[in-house]
Every structure is written in structure tokens, then in C-alpha cells.
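Data block for model.pdb (PDB, C-alpha atoms):
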ATOM      1  CA  TYR K   1      10.518  24.591 -10.697
ATOM      2  CA  SER K   2      11.627  27.538 -12.802
ATOM      3  CA  GLU K   3      12.380  30.817 -11.052
ATOM      4  CA  GLU K   4       9.474  32.397 -12.900
ATOM      5  CA  PHE K   5       7.087  29.745 -11.582
ATOM      6  CA  ILE K   6       8.438  30.103  -8.028
ATOM      7  CA  LYS K   7       7.971  33.883  -8.189
ATOM      8  CA  ALA K   8       4.415  33.517  -9.499
ATOM      9  CA  ALA K   9       3.621  31.197  -6.590
ATOM     10  CA  MET K  10       5.136  33.669  -4.107
ATOM     11  CA  ASP K  11       2.861  36.374  -5.516
ATOM     12  CA  LEU K  12      -0.030  34.104  -4.458
ATOM     13  CA  GLY K  13       1.480  33.615  -1.008
ATOM     14  CA  ILE K  14       2.801  30.093  -1.717
ATOM     15  CA  ASP K  15       6.456  29.383  -0.933
ATOM     16  CA  LEU K  16       7.499  26.523  -3.222
ATOM     17  CA  LYS K  17      10.994  26.440  -1.740
ATOM     18  CA  LEU K  18       9.703  24.959   1.511
ATOM     19  CA  PRO K  19      10.378  21.184   1.644
ATOM     20  CA  ARG K  20       7.060  19.338   1.709
ATOM     21  CA  ILE K  21       5.547  15.884   1.652
ATOM     22  CA  ALA K  22       2.203  14.719   0.300
ATOM     23  CA  CYS K  23      -0.176  12.860   2.575
ATOM     24  CA  ALA K  24      -3.081  11.157   0.779
ATOM     25  CA  VAL K  25      -6.287  10.442   2.687
ATOM     26  CA  SER K  26      -8.931   8.253   1.069
ATOM     27  CA  GLY K  27     -12.092   6.569   2.259
ATOM     28  CA  ARG K  28     -11.687   2.795   2.292
ATOM     29  CA  THR K  29     -15.442   2.251   2.264
ATOM     30  CA  GLY K  30     -16.399   5.101  -0.031
ATOM     31  CA  ILE K  31     -17.069   7.484   2.833
ATOM     32  CA  ILE K  32     -16.846  11.171   1.913
ATOM     33  CA  LEU K  33     -13.858  12.785   3.575
ATOM     34  CA  PRO K  34     -14.512  15.147   6.515
ATOM     35  CA  LYS K  35     -13.180  18.416   5.050
ATOM     36  CA  ASN K  36     -13.352  20.335   8.327
ATOM     37  CA  LYS K  37     -11.365  17.637  10.094
ATOM     38  CA  LEU K  38      -8.702  17.641   7.390
ATOM     39  CA  GLU K  39      -8.387  21.419   7.557
ATOM     40  CA  GLY K  40      -7.793  21.108  11.282
ATOM     41  CA  PHE K  41      -4.516  19.269  10.587
ATOM     42  CA  LEU K  42      -3.060  22.130   8.536
ATOM     43  CA  MET K  43      -0.605  24.831   9.570
ATOM     44  CA  ASP K  44       0.540  27.982   7.747
ATOM     45  CA  GLN K  45       1.709  27.371   4.158
ATOM     46  CA  GLU K  46      -0.045  23.973   4.039
ATOM     47  CA  TYR K  47      -2.853  23.055   1.666
ATOM     48  CA  ILE K  48      -5.570  20.532   0.807
ATOM     49  CA  ILE K  49      -5.994  19.348  -2.784
ATOM     50  CA  PRO K  50      -9.282  17.460  -3.326
ATOM     51  CA  MET K  51      -8.744  14.705  -5.902
ATOM     52  CA  ASP K  52     -12.379  13.523  -5.789
ATOM     53  CA  THR K  53     -15.077  13.078  -3.125
ATOM     54  CA  ASN K  54     -13.197  10.085  -1.778
ATOM     55  CA  THR K  55      -9.564  11.260  -1.813
ATOM     56  CA  SER K  56      -7.705  14.405  -0.797
ATOM     57  CA  ILE K  57      -4.025  15.336  -0.632
ATOM     58  CA  LEU K  58      -2.553  17.229   2.307
ATOM     59  CA  LEU K  59       0.613  19.158   1.401
ATOM     60  CA  LEU K  60       2.561  19.359   4.655
ATOM     61  CA  LYS K  61       5.807  21.165   5.505
ATOM     62  CA  LYS K  62       8.743  18.988   6.441
ATOM     63  CA  ASP K  63      10.102  20.151   9.798
ATOM     64  CA  ILE K  64      11.005  18.680  13.194
ATOM     65  CA  ARG K  65       7.313  18.353  14.131
ATOM     66  CA  LEU K  66       6.250  16.491  10.993
ATOM     67  CA  GLU K  67       6.657  12.904  12.226
ATOM     68  CA  LYS K  68       4.605  13.596  15.348
ATOM     69  CA  ARG K  69       1.922  15.352  13.298
ATOM     70  CA  LEU K  70       1.748  12.449  10.845
ATOM     71  CA  ASP K  71       1.306  10.043  13.757
ATOM     72  CA  ILE K  72      -1.645  12.122  14.974
ATOM     73  CA  ILE K  73      -3.203  12.200  11.491
ATOM     74  CA  LYS K  74      -2.833   8.427  11.122
ATOM     75  CA  GLN K  75      -4.208   7.738  14.593
ATOM     76  CA  GLU K  76      -7.233   9.990  14.196
ATOM     77  CA  LEU K  77      -8.180   8.953  10.661
ATOM     78  CA  SER K  78      -7.117   5.332  10.219
ATOM     79  CA  TYR K  79      -7.737   3.720  13.591
ATOM     80  CA  GLU K  80     -11.295   2.607  12.719
ATOM     81  CA  GLY K  81     -10.353   1.455   9.226
ATOM     82  CA  ASN K  82     -12.651   3.933   7.469
ATOM     83  CA  TYR K  83      -9.775   5.876   5.912
ATOM     84  CA  ILE K  84      -6.417   5.022   4.402
ATOM     85  CA  VAL K  85      -3.548   7.441   5.069
ATOM     86  CA  THR K  86      -0.507   7.142   2.799
ATOM     87  CA  ILE K  87       2.592   9.304   2.635
ATOM     88  CA  GLY K  88       4.992  10.172  -0.179
ATOM     89  CA  ASN K  89       8.676  10.952   0.189
ATOM     90  CA  THR K  90      10.004  14.485   0.591
ATOM     91  CA  GLU K  91      10.768  15.595  -2.955
ATOM     92  CA  ASP K  92      12.109  18.738  -4.623
ATOM     93  CA  TYR K  93       9.121  18.439  -6.954
ATOM     94  CA  ILE K  94       5.955  18.055  -4.854
ATOM     95  CA  GLY K  95       4.099  16.420  -7.746
ATOM     96  CA  ARG K  96       6.335  13.379  -7.358
ATOM     97  CA  SER K  97       5.461  13.079  -3.670
ATOM     98  CA  VAL K  98       1.755  13.326  -4.555
ATOM     99  CA  LYS K  99       2.152  10.533  -7.104
ATOM    100  CA  GLU K 100       3.947   8.351  -4.520
ATOM    101  CA  ALA K 101       1.269   8.898  -1.871
ATOM    102  CA  LEU K 102      -1.554   8.070  -4.299
ATOM    103  CA  TRP K 103       0.276   5.006  -5.660
ATOM    104  CA  THR K 104       0.765   3.672  -2.116
ATOM    105  CA  GLY K 105      -2.918   4.116  -1.286
ATOM    106  CA  ASN K 106      -3.949   2.334  -4.468
ATOM    107  CA  LEU K 107      -1.518  -0.478  -3.646
ATOM    108  CA  LEU K 108      -3.018  -1.061  -0.195
ATOM    109  CA  LYS K 109      -6.469  -1.353  -1.749
ATOM    110  CA  ARG K 110      -5.418  -3.649  -4.585
ATOM    111  CA  LEU K 111      -3.487  -5.997  -2.317
ATOM    112  CA  GLU K 112      -6.347  -5.929   0.211
ATOM    113  CA  LEU K 113      -3.899  -5.349   3.024
ATOM    114  CA  LYS K 114      -5.313  -5.063   6.527
ATOM    115  CA  GLN K 115      -3.314  -1.897   6.956
ATOM    116  CA  TYR K 116      -4.706   1.615   7.072
ATOM    117  CA  SER K 117      -1.578   3.782   6.988
ATOM    118  CA  CYS K 118       1.687   3.402   5.124
ATOM    119  CA  SER K 119       4.509   5.375   3.530
ATOM    120  CA  TYR K 120       5.817   5.000  -0.003
ATOM    121  CA  GLU K 121       9.221   4.182   1.454
ATOM    122  CA  GLU K 122       7.767   1.069   3.093
ATOM    123  CA  MET K 123       6.377  -0.163  -0.224
ATOM    124  CA  ASP K 124       9.063   0.785  -2.754
ATOM    125  CA  MET K 125      10.252  -2.846  -2.886
ATOM    126  CA  ILE K 126       6.805  -3.867  -4.150
ATOM    127  CA  GLU K 127       7.025  -1.203  -6.856
ATOM    128  CA  ALA K 128      10.338  -2.742  -7.916
ATOM    129  CA  LEU K 129       8.762  -6.219  -8.037
ATOM    130  CA  SER K 130       5.864  -4.896 -10.123
ATOM    131  CA  SER K 131       8.365  -3.641 -12.720
ATOM    132  CA  ILE K 132      10.105  -6.992 -13.141
ATOM    133  CA  LYS K 133      10.667  -8.360 -16.649
ATOM    134  CA  ASN K 134       9.007 -11.512 -18.051
ATOM    135  CA  LYS K 135       5.793 -10.884 -16.123
ATOM    136  CA  GLU K 136       3.898 -13.466 -18.126
ATOM    137  CA  LYS K 137       5.638 -16.414 -16.489
ATOM    138  CA  TYR K 138       4.586 -15.123 -13.067
ATOM    139  CA  ILE K 139       1.010 -14.507 -14.187
ATOM    140  CA  VAL K 140       0.850 -18.117 -15.408
ATOM    141  CA  ILE K 141       1.643 -19.273 -11.858
ATOM    142  CA  MET K 142      -1.309 -17.380 -10.398
ATOM    143  CA  LYS K 143      -3.640 -18.340 -13.250
ATOM    144  CA  SER K 144      -2.931 -21.993 -12.540
ATOM    145  CA  LEU K 145      -3.887 -21.483  -8.898
ATOM    146  CA  GLU K 146      -6.962 -19.529  -9.951
ATOM    147  CA  GLU K 147      -8.159 -22.292 -12.271
ATOM    148  CA  GLU K 148      -7.242 -25.385 -10.264
ATOM    149  CA  GLY K 149      -7.546 -24.086  -6.722
ATOM    150  CA  ARG K 150     -10.774 -22.097  -6.823
ATOM    151  CA  GLU K 151     -12.746 -24.514  -4.666
ATOM    152  CA  VAL K 152     -10.278 -24.350  -1.778
ATOM    153  CA  GLU K 153      -9.366 -20.650  -2.202
ATOM    154  CA  LEU K 154      -5.671 -21.252  -2.809
ATOM    155  CA  ILE K 155      -4.867 -17.658  -3.804
ATOM    156  CA  LYS K 156      -6.629 -16.297  -0.723
ATOM    157  CA  THR K 157      -4.784 -18.858   1.397
ATOM    158  CA  LEU K 158      -1.455 -17.887  -0.127
ATOM    159  CA  ALA K 159      -2.096 -14.171   0.477
ATOM    160  CA  CYS K 160      -2.990 -14.810   4.120
ATOM    161  CA  TYR K 161       0.168 -16.911   4.484
ATOM    162  CA  PHE K 162       2.262 -14.020   3.103
ATOM    163  CA  TYR K 163       0.723 -11.428   5.388
ATOM    164  CA  ASN K 164       1.263 -13.619   8.441
ATOM    165  CA  ASN K 165       4.953 -14.038   7.562
ATOM    166  CA  GLY K 166       4.598 -17.754   6.878
ATOM    167  CA  GLU K 167       3.374 -18.518  10.392
ATOM    168  CA  LEU K 168       1.084 -21.535  10.140
ATOM    169  CA  SER K 169      -0.799 -21.052  13.397
ATOM    170  CA  LYS K 170      -1.669 -17.402  12.700
ATOM    171  CA  THR K 171      -2.670 -18.166   9.105
ATOM    172  CA  ALA K 172      -4.891 -21.084  10.150
ATOM    173  CA  GLN K 173      -6.510 -18.989  12.867
ATOM    174  CA  GLU K 174      -7.246 -16.062  10.557
ATOM    175  CA  MET K 175      -8.744 -18.348   7.901
ATOM    176  CA  HIS K 176     -10.663 -20.411  10.471
ATOM    177  CA  LEU K 177      -8.915 -23.579   9.314
ATOM    178  CA  HIS K 178      -7.524 -26.583  11.123
ATOM    179  CA  ARG K 179      -3.746 -26.608  10.801
ATOM    180  CA  ASN K 180      -3.922 -29.875   8.833
ATOM    181  CA  SER K 181      -6.324 -28.261   6.351
ATOM    182  CA  LEU K 182      -3.908 -25.369   5.884
ATOM    183  CA  ASN K 183      -1.020 -27.770   5.294
ATOM    184  CA  TYR K 184      -3.144 -29.555   2.685
ATOM    185  CA  ARG K 185      -3.734 -26.268   0.853
ATOM    186  CA  LEU K 186      -0.027 -25.383   0.918
ATOM    187  CA  GLN K 187       0.732 -28.843  -0.450
ATOM    188  CA  ARG K 188      -1.778 -28.291  -3.272
ATOM    189  CA  ILE K 189      -0.065 -24.982  -4.109
ATOM    190  CA  ASN K 190       3.210 -26.895  -4.330
ATOM    191  CA  GLU K 191       1.684 -29.577  -6.563
ATOM    192  CA  ILE K 192       0.045 -27.079  -8.950
ATOM    193  CA  THR K 193       2.916 -24.572  -9.266
ATOM    194  CA  GLY K 194       5.978 -26.663  -8.476
ATOM    195  CA  LEU K 195       6.837 -24.050  -5.836
ATOM    196  CA  ASN K 196       6.907 -24.893  -2.140
ATOM    197  CA  PRO K 197       5.516 -22.085   0.063
ATOM    198  CA  LYS K 198       7.612 -23.377   2.964
ATOM    199  CA  ASN K 199      10.820 -22.827   0.992
ATOM    200  CA  TYR K 200      11.933 -19.181   1.185
ATOM    201  CA  ARG K 201      13.240 -19.025  -2.377
ATOM    202  CA  ASP K 202      10.020 -20.503  -3.756
ATOM    203  CA  LEU K 203       7.979 -18.274  -1.455
ATOM    204  CA  LEU K 204       9.674 -15.193  -2.924
ATOM    205  CA  ARG K 205       8.710 -16.321  -6.431
ATOM    206  CA  LEU K 206       5.140 -16.919  -5.299
ATOM    207  CA  PHE K 207       5.026 -13.500  -3.630
ATOM    208  CA  THR K 208       6.365 -11.834  -6.790
ATOM    209  CA  ALA K 209       3.743 -13.670  -8.843
ATOM    210  CA  TYR K 210       1.004 -12.542  -6.458
ATOM    211  CA  ILE K 211       2.086  -8.879  -6.638
ATOM    212  CA  ILE K 212       2.166  -8.889 -10.453
ATOM    213  CA  TYR K 213      -1.188 -10.701 -10.574
ATOM    214  CA  LYS K 214      -2.893  -8.171  -8.274
ATOM    215  CA  LEU K 215      -1.379  -5.077  -9.921
TER     216      LEU K 215
END

Go ahead and express the file in the form of C-alpha cells.
Amino acid sequence: YSEEFIKAAMDLGIDLKLPRIACAVSGRTGIILPKNKLEGFLMDQEYIIPMDTNTSILLLKKDIRLEKRLDIIKQELSYEGNYIVTIGNTEDYIGRSVKEALWTGNLLKRLELKQYSCSYEEMDMIEALSSIKNKEKYIVIMKSLEEEGREVELIKTLACYFYNNGELSKTAQEMHLHRNSLNYRLQRINEITGLNPKNYRDLLRLFTAYIIYKL
């Protein structure tokens, strides 16, 4: 910020020199945010910026109490799954932190993650993957699964396999499949794409393809 801008903010009672982070709160199911509840999380020199009826930004001061306060916000708003709470990094320019918090919230929705709170720092690797060159060759992988594996939900199966860290039993249980049926689907993914989900190098390529496809 320029000194002139900082002074103008101070005239309004806003200290832009305080280190801050942005915390985005959005309704997963389109529920209107409880403004009074959000205001109850704020301290002096902290603000709410409504983005729309479904999303607001909390600008919070970074101090020794911040982590504990963020835990309380996440527990009270995200435990039922009605709201998504996402957090940007501490930045000299608060607009960047706002952008990070909003991007992380959008990512959770697009990837359909069963996760209701997250920080940008936890997801920056996915941002790097989404910026990879030669995206078309990765999109082709997912398109082939979309076209040839629609009847047995191969993309959905692959996503569930990712999110359960490649654990067959957990994936089969979540998808209500017999383990043999899951193995059949993984084999079909291998046959269609030439990539084996049980091989870590191939799994990374499949994960990259999935991220690019969803974003």
C-alpha cells in the first residue's frame, strides 16, 4: 500500500499495517450466512466483507490467539457440513489473502471433497498441478474414462480411491462395492488409460489428470 492510502485508511480508523489473514465462509448448500454469528467472531480492527448472500470474508488480525480462534470458527461453522471455512495466507497485501481463501473454497466445491475447512497452504500443491503445461494430454485421459467408463462410474471410483489414499477396503466400503468389483473397476481404468492406479507413478498422473479435468 502507498503511504497516502495507509493514511487515508487510518483516518477511517483502519490500521492497514496490522498483519491479517482472510477467512472465507460460504454456505455449501446455499444457506444464507448467519451475519450475527459471524460478527460474534470479530475483535477490534477486524471486519466482515460480504461477497454475496452465500459468501463472506472475515479479515482477522494475526496474533498469538489466531490459531485458537480459527479452530473455534471452523468447529462452530463447519462441523455440520453446512458451511465451508477456508483460510488464506498472511500477506502484506490483504487482497492476496482474500483471493487465496476464495480460491481454496472454490476448489473444495469443485473437487467435491468431503472436507469443510481448509487453508490455502494445504492446497497450494493442487494449484501448482492445475498450472501444468500440456493440459490437453491429461484431459484426454479423463475424457476416455468419461466416455468408456460411464456405466461403472470409473471417474467417481477413481476420485474415491484418491481420497481414501489408495486403500481398497475403505474405497470399497464408501462406494458400497465388493472388493472384487472395485478391483475390476481399477483394472478397467488401467485398460482404458494405460495407467495403473496401483502404481504410484501412474496414480500421480491420474490424479493430475483428475485435477485438471475438474478445474

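Shortest separation to K:Ile32 among K:Asp52, K:Glu127, K:Glu67, K:Glu76 occurs at residue K:Asp52, atoms counted being all atoms listed in the file.
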
Please identify all polymer residues within 12 Å of stretch 159-169 of chain K, counting all atoms listed in the file, omitting same-chain residues fewer than 3 positions from it, and present them as a PDB file with C-alpha atoms, in the coordinates of the input.
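The file below, around12.pdb, is the result:
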ATOM      1  CA  LEU K 111      -3.487  -5.997  -2.317  1.00  0.00           C
ATOM      2  CA  GLU K 112      -6.347  -5.929   0.211  1.00  0.00           C
ATOM      3  CA  LEU K 113      -3.899  -5.349   3.024  1.00  0.00           C
ATOM      4  CA  LYS K 114      -5.313  -5.063   6.527  1.00  0.00           C
ATOM      5  CA  GLN K 115      -3.314  -1.897   6.956  1.00  0.00           C
ATOM      6  CA  MET K 142      -1.309 -17.380 -10.398  1.00  0.00           C
ATOM      7  CA  GLU K 153      -9.366 -20.650  -2.202  1.00  0.00           C
ATOM      8  CA  LEU K 154      -5.671 -21.252  -2.809  1.00  0.00           C
ATOM      9  CA  ILE K 155      -4.867 -17.658  -3.804  1.00  0.00           C
ATOM     10  CA  LYS K 156      -6.629 -16.297  -0.723  1.00  0.00           C
ATOM     11  CA  ALA K 172      -4.891 -21.084  10.150  1.00  0.00           C
ATOM     12  CA  GLN K 173      -6.510 -18.989  12.867  1.00  0.00           C
ATOM     13  CA  GLU K 174      -7.246 -16.062  10.557  1.00  0.00           C
ATOM     14  CA  MET K 175      -8.744 -18.348   7.901  1.00  0.00           C
ATOM     15  CA  HIS K 176     -10.663 -20.411  10.471  1.00  0.00           C
ATOM     16  CA  LEU K 177      -8.915 -23.579   9.314  1.00  0.00           C
ATOM     17  CA  HIS K 178      -7.524 -26.583  11.123  1.00  0.00           C
ATOM     18  CA  ARG K 179      -3.746 -26.608  10.801  1.00  0.00           C
ATOM     19  CA  ASN K 180      -3.922 -29.875   8.833  1.00  0.00           C
ATOM     20  CA  SER K 181      -6.324 -28.261   6.351  1.00  0.00           C
ATOM     21  CA  LEU K 182      -3.908 -25.369   5.884  1.00  0.00           C
ATOM     22  CA  ASN K 183      -1.020 -27.770   5.294  1.00  0.00           C
ATOM     23  CA  TYR K 184      -3.144 -29.555   2.685  1.00  0.00           C
ATOM     24  CA  ARG K 185      -3.734 -26.268   0.853  1.00  0.00           C
ATOM     25  CA  LEU K 186      -0.027 -25.383   0.918  1.00  0.00           C
ATOM     26  CA  ILE K 189      -0.065 -24.982  -4.109  1.00  0.00           C
ATOM     27  CA  ASN K 196       6.907 -24.893  -2.140  1.00  0.00           C
ATOM     28  CA  PRO K 197       5.516 -22.085   0.063  1.00  0.00           C
ATOM     29  CA  LYS K 198       7.612 -23.377   2.964  1.00  0.00           C
ATOM     30  CA  ASN K 199      10.820 -22.827   0.992  1.00  0.00           C
ATOM     31  CA  TYR K 200      11.933 -19.181   1.185  1.00  0.00           C
ATOM     32  CA  LEU K 203       7.979 -18.274  -1.455  1.00  0.00           C
ATOM     33  CA  LEU K 204       9.674 -15.193  -2.924  1.00  0.00           C
ATOM     34  CA  ARG K 205       8.710 -16.321  -6.431  1.00  0.00           C
ATOM     35  CA  LEU K 206       5.140 -16.919  -5.299  1.00  0.00           C
ATOM     36  CA  PHE K 207       5.026 -13.500  -3.630  1.00  0.00           C
ATOM     37  CA  THR K 208       6.365 -11.834  -6.790  1.00  0.00           C
ATOM     38  CA  ALA K 209       3.743 -13.670  -8.843  1.00  0.00           C
ATOM     39  CA  TYR K 210       1.004 -12.542  -6.458  1.00  0.00           C
ATOM     40  CA  ILE K 211       2.086  -8.879  -6.638  1.00  0.00           C
ATOM     41  CA  TYR K 213      -1.188 -10.701 -10.574  1.00  0.00           C
ATOM     42  CA  LYS K 214      -2.893  -8.171  -8.274  1.00  0.00           C
TER      43      LYS K 214
END

Item to check | Residue nearest K:Ile87 among K:Asp202, K:Glu4, K:Glu39, K:Glu100 (counting all atoms listed in the file) | outcome: K:Glu100

Checklist entry - Leaving out K:Tyr83 and any residue of its chain fewer than 2 positions from it, which residues lie within 7 Å of it when counting all atoms listed in the file, given as a ChimeraX atom specification? => result /K:25-28,77-78,81,85,116

Checklist entry - Can you list what the PyMOL selection byres ((chain K and resi 119) around 10) grabs from this structure, as a list in words? => result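 Against this file, the PyMOL selection byres ((chain K and resi 119) around 10) returns the residues Cys23, Ala24, Val85, Thr86, Ile87, Gly88, Asn89, Glu100, Ala101, Thr104, Gly105, Ser117, Cys118, Tyr120, Glu121, Glu122, Met123 and Asp124 of chain K.
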
Next on the checklist: Which residues, named as in the file, does the PyMOL selection byres ((chain K and resi 35) around 10) pick out? Answer as an NGL selection string.
Outcome noted: :K and (32-34 or 36-40 or 48 or 50 or 53 or 56)

Once the PyMOL selection byres ((chain K and resi 61) around 12) has been evaluated on this model, what residues remain selected, and can you format them as an mmCIF file with C-alpha atoms, keeping the file's coordinate frame?
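To be explicit, this is the file written out as out21.cif:
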data_model
loop_
_atom_site.group_PDB
_atom_site.id
_atom_site.type_symbol
_atom_site.label_atom_id
_atom_site.label_comp_id
_atom_site.auth_asym_id
_atom_site.auth_seq_id
_atom_site.Cartn_x
_atom_site.Cartn_y
_atom_site.Cartn_z
ATOM 1 C CA ILE K 14 2.801 30.093 -1.717
ATOM 2 C CA ASP K 15 6.456 29.383 -0.933
ATOM 3 C CA LEU K 16 7.499 26.523 -3.222
ATOM 4 C CA LYS K 17 10.994 26.440 -1.740
ATOM 5 C CA LEU K 18 9.703 24.959 1.511
ATOM 6 C CA PRO K 19 10.378 21.184 1.644
ATOM 7 C CA ARG K 20 7.060 19.338 1.709
ATOM 8 C CA ILE K 21 5.547 15.884 1.652
ATOM 9 C CA ALA K 22 2.203 14.719 0.300
ATOM 10 C CA CYS K 23 -0.176 12.860 2.575
ATOM 11 C CA PHE K 41 -4.516 19.269 10.587
ATOM 12 C CA LEU K 42 -3.060 22.130 8.536
ATOM 13 C CA MET K 43 -0.605 24.831 9.570
ATOM 14 C CA ASP K 44 0.540 27.982 7.747
ATOM 15 C CA GLN K 45 1.709 27.371 4.158
ATOM 16 C CA GLU K 46 -0.045 23.973 4.039
ATOM 17 C CA TYR K 47 -2.853 23.055 1.666
ATOM 18 C CA LEU K 58 -2.553 17.229 2.307
ATOM 19 C CA LEU K 59 0.613 19.158 1.401
ATOM 20 C CA LEU K 60 2.561 19.359 4.655
ATOM 21 C CA LYS K 62 8.743 18.988 6.441
ATOM 22 C CA ASP K 63 10.102 20.151 9.798
ATOM 23 C CA ILE K 64 11.005 18.680 13.194
ATOM 24 C CA ARG K 65 7.313 18.353 14.131
ATOM 25 C CA LEU K 66 6.250 16.491 10.993
ATOM 26 C CA GLU K 67 6.657 12.904 12.226
ATOM 27 C CA ARG K 69 1.922 15.352 13.298
ATOM 28 C CA LEU K 70 1.748 12.449 10.845
ATOM 29 C CA ASN K 89 8.676 10.952 0.189
ATOM 30 C CA THR K 90 10.004 14.485 0.591
ATOM 31 C CA GLU K 91 10.768 15.595 -2.955
ATOM 32 C CA ILE K 94 5.955 18.055 -4.854
#

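Each of K:Leu195, K:Ile84, K:Lys68, K:Asn190 was compared to K:Lys109 using only C-alpha atoms, and K:Ile84 turns out to be the nearest.
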
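Rounded to one decimal, atom CA of K:Arg96 and atom CA of K:Ile49 lie 14.4 Å from each other.
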
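Put simply, atom CA of K:Leu107 is 22.5 Å away from atom CA of K:Ile72.
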
Checklist entry - For K:Glu147, which residue out of K:Ser130, K:Asn106, K:Thr193, K:Gln75 is the nearest one, using all atoms listed in the file? => result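 Closest residue, counting all atoms listed in the file: K:Thr193.
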